Amino acid sequence: MPTTQQKEDVRKELEREVIDPANENIQAVADLHKSAERRASPQQRAIENVTNFLGRPRFLVIILAFVAAWIAVTLLLTKLGLRDFDPPPFTWLVGILSLGALLQATMILITQNRQNTMVERRTQLDLQVSLLIDQKISKLITMVDQQRQVHPDLENGTDPQVEALKQTVDPHQSLKTLEQLLEEDNEQP
């Protein structure tokens, strides 16, 4: 049977969990990120690891050192009278660098596609949360206004600003209005 101290510790921990919504939100964001990472295939993770390496200054130094070494060795072999493997204009070097650039670009696009998908999901989630917050705030305004109207010491009347704030945002109407404004803006010289 738990002791009084253990019960008190459990109660405090439960209160801390309930009272601290910031930690709950941080945990929710971390869980979403972990879920997205778990859905990535091993090939996707490998490509992203390579892309991360390609985006570092160290990779630039490696490429520059490789090119400089290639050219130096080729010119040195020619100067020593030995058969060089890629005489100027360094056709093999250009081919290798072109293939590398093609592979790099493809890996970067693959990584960006996944990141764009994740950003789109986050944007949709932000929109859903924003609409929910708007509904909650509108409900709170309505409740406070109802309290104001029934309170004997407060002036009874309507406030047009409060009436407007009670209305939730219609995303379809907002999008339509935005498109109209943007079209008007594009039509002006």
# chains A, B, ... in the order shown; residues from 1 in each chain; ligands from 1

$ closest_atom_pairs --of "stretch 79-150 of chain A" --to "stretch 28-33 of chain A" --cutoff "12 Å" --atoms "only C-alpha atoms" --output "tab-separated table"
residue	atom	partner	partner_atom	distance
A:Gln115	CA	A:His33	CA	11.6
A:Met118	CA	A:His33	CA	9.1
A:Val119	CA	A:His33	CA	11.2
A:Arg121	CA	A:Leu32	CA	10.3
A:Arg122	CA	A:Leu32	CA	9.4
A:Leu125	CA	A:Leu32	CA	10.8
A:Asp126	CA	A:Val29	CA	11.8

$ write_last_selection --atoms "C-alpha atoms" --output "compact mmCIF listing (two decimals), in the first residue's frame"
# COMPACT_ATOMS: atom_id res chain seq x y z
CA GLN A 115 10.44 18.30 -46.32
CA MET A 118 6.08 17.75 -43.82
CA VAL A 119 5.73 21.54 -44.12
CA ARG A 121 1.12 18.86 -43.06
CA ARG A 122 2.27 21.37 -40.45
CA LEU A 125 -2.38 21.52 -38.76
CA ASP A 126 -1.74 25.23 -38.08

$ closest_residue --among "A:Val169, A:Glu48, A:Lys34, A:Thr3" --to "A:Thr106" --atoms "only C-alpha atoms"
A:Glu48

$ select_by_dssp --residues "stretch 111-162 of chain A" --states "alpha helix (DSSP H)" --output "ChimeraX atom specification"
/A:111-150,160-162

$ write_last_selection --atoms "N, CA and C atoms" --output "compact mmCIF listing (two decimals), in the first residue's frame"
# COMPACT_ATOMS: atom_id res chain seq x y z
N THR A 111 15.08 14.98 -50.92
CA THR A 111 15.01 15.50 -49.55
C THR A 111 14.01 16.66 -49.47
N GLN A 112 14.06 17.56 -50.43
CA GLN A 112 13.13 18.70 -50.41
C GLN A 112 11.68 18.26 -50.57
N ASN A 113 11.43 17.24 -51.37
CA ASN A 113 10.07 16.75 -51.53
C ASN A 113 9.51 16.26 -50.20
N ARG A 114 10.29 15.52 -49.45
CA ARG A 114 9.83 15.03 -48.15
C ARG A 114 9.63 16.20 -47.19
N GLN A 115 10.57 17.14 -47.20
CA GLN A 115 10.44 18.30 -46.32
C GLN A 115 9.21 19.13 -46.69
N ASN A 116 8.93 19.28 -47.98
CA ASN A 116 7.75 20.02 -48.42
C ASN A 116 6.47 19.34 -47.95
N THR A 117 6.45 18.01 -47.99
CA THR A 117 5.29 17.26 -47.50
C THR A 117 5.08 17.52 -46.01
N MET A 118 6.17 17.50 -45.26
CA MET A 118 6.08 17.75 -43.82
C MET A 118 5.62 19.18 -43.54
N VAL A 119 6.12 20.14 -44.30
CA VAL A 119 5.73 21.54 -44.12
C VAL A 119 4.24 21.70 -44.45
N GLU A 120 3.78 21.04 -45.50
CA GLU A 120 2.37 21.11 -45.88
C GLU A 120 1.49 20.55 -44.76
N ARG A 121 1.90 19.44 -44.17
CA ARG A 121 1.12 18.86 -43.06
C ARG A 121 1.09 19.82 -41.87
N ARG A 122 2.23 20.42 -41.57
CA ARG A 122 2.27 21.37 -40.45
C ARG A 122 1.39 22.59 -40.75
N THR A 123 1.40 23.05 -41.98
CA THR A 123 0.57 24.19 -42.36
C THR A 123 -0.91 23.84 -42.21
N GLN A 124 -1.30 22.65 -42.63
CA GLN A 124 -2.69 22.22 -42.47
C GLN A 124 -3.06 22.13 -40.99
N LEU A 125 -2.15 21.60 -40.20
CA LEU A 125 -2.38 21.52 -38.76
C LEU A 125 -2.52 22.91 -38.15
N ASP A 126 -1.65 23.84 -38.57
CA ASP A 126 -1.74 25.23 -38.08
C ASP A 126 -3.09 25.84 -38.43
N LEU A 127 -3.57 25.59 -39.64
CA LEU A 127 -4.86 26.12 -40.05
C LEU A 127 -5.98 25.54 -39.19
N GLN A 128 -5.93 24.23 -38.97
CA GLN A 128 -6.96 23.59 -38.14
C GLN A 128 -6.95 24.15 -36.72
N VAL A 129 -5.78 24.31 -36.16
CA VAL A 129 -5.66 24.84 -34.80
C VAL A 129 -6.15 26.29 -34.77
N SER A 130 -5.79 27.07 -35.77
CA SER A 130 -6.23 28.47 -35.82
C SER A 130 -7.75 28.57 -35.91
N LEU A 131 -8.37 27.72 -36.71
CA LEU A 131 -9.83 27.73 -36.82
C LEU A 131 -10.47 27.31 -35.50
N LEU A 132 -9.89 26.33 -34.85
CA LEU A 132 -10.41 25.89 -33.56
C LEU A 132 -10.27 27.00 -32.51
N ILE A 133 -9.15 27.67 -32.51
CA ILE A 133 -8.95 28.78 -31.58
C ILE A 133 -9.95 29.89 -31.85
N ASP A 134 -10.18 30.18 -33.13
CA ASP A 134 -11.17 31.20 -33.48
C ASP A 134 -12.54 30.83 -32.95
N GLN A 135 -12.94 29.57 -33.10
CA GLN A 135 -14.23 29.12 -32.60
C GLN A 135 -14.31 29.26 -31.08
N LYS A 136 -13.25 28.89 -30.41
CA LYS A 136 -13.24 28.97 -28.94
C LYS A 136 -13.30 30.43 -28.47
N ILE A 137 -12.55 31.28 -29.10
CA ILE A 137 -12.56 32.69 -28.70
C ILE A 137 -13.92 33.31 -28.97
N SER A 138 -14.53 32.97 -30.11
CA SER A 138 -15.87 33.48 -30.41
C SER A 138 -16.86 33.01 -29.36
N LYS A 139 -16.75 31.77 -28.94
CA LYS A 139 -17.64 31.24 -27.90
C LYS A 139 -17.40 31.98 -26.58
N LEU A 140 -16.16 32.22 -26.24
CA LEU A 140 -15.86 32.96 -25.00
C LEU A 140 -16.41 34.37 -25.05
N ILE A 141 -16.27 35.03 -26.18
CA ILE A 141 -16.81 36.39 -26.33
C ILE A 141 -18.32 36.37 -26.16
N THR A 142 -18.96 35.37 -26.76
CA THR A 142 -20.41 35.24 -26.62
C THR A 142 -20.79 35.04 -25.16
N MET A 143 -20.06 34.19 -24.46
CA MET A 143 -20.37 33.92 -23.05
C MET A 143 -20.16 35.17 -22.19
N VAL A 144 -19.08 35.88 -22.41
CA VAL A 144 -18.82 37.11 -21.65
C VAL A 144 -19.88 38.16 -21.95
N ASP A 145 -20.28 38.26 -23.21
CA ASP A 145 -21.32 39.22 -23.57
C ASP A 145 -22.64 38.86 -22.91
N GLN A 146 -22.95 37.58 -22.85
CA GLN A 146 -24.18 37.15 -22.18
C GLN A 146 -24.13 37.52 -20.70
N GLN A 147 -22.99 37.33 -20.08
CA GLN A 147 -22.82 37.72 -18.68
C GLN A 147 -23.00 39.22 -18.51
N ARG A 148 -22.45 39.98 -19.43
CA ARG A 148 -22.57 41.44 -19.38
C ARG A 148 -24.03 41.86 -19.49
N GLN A 149 -24.76 41.21 -20.36
CA GLN A 149 -26.16 41.58 -20.59
C GLN A 149 -27.05 41.29 -19.39
N VAL A 150 -26.73 40.25 -18.63
CA VAL A 150 -27.59 39.91 -17.48
C VAL A 150 -27.11 40.55 -16.18
N PRO A 160 -21.52 46.77 -31.29
CA PRO A 160 -21.33 46.21 -32.64
C PRO A 160 -19.99 45.48 -32.79
N GLN A 161 -18.99 45.94 -32.09
CA GLN A 161 -17.69 45.29 -32.18
C GLN A 161 -17.76 43.90 -31.55
N VAL A 162 -18.43 43.79 -30.41
CA VAL A 162 -18.59 42.49 -29.77
C VAL A 162 -19.41 41.57 -30.66

$ residues_around --residues "stretch 65-82 of chain A" --least-positions-apart "5" --cutoff "8 Å" --atoms "only C-alpha atoms" --output "list in words"
Pro87, Phe90 and Leu93 of chain A

$ atom_distance --atom1 "atom CA of A:Asn52" --atom2 "atom CA of A:Gln104"
10.9 Å
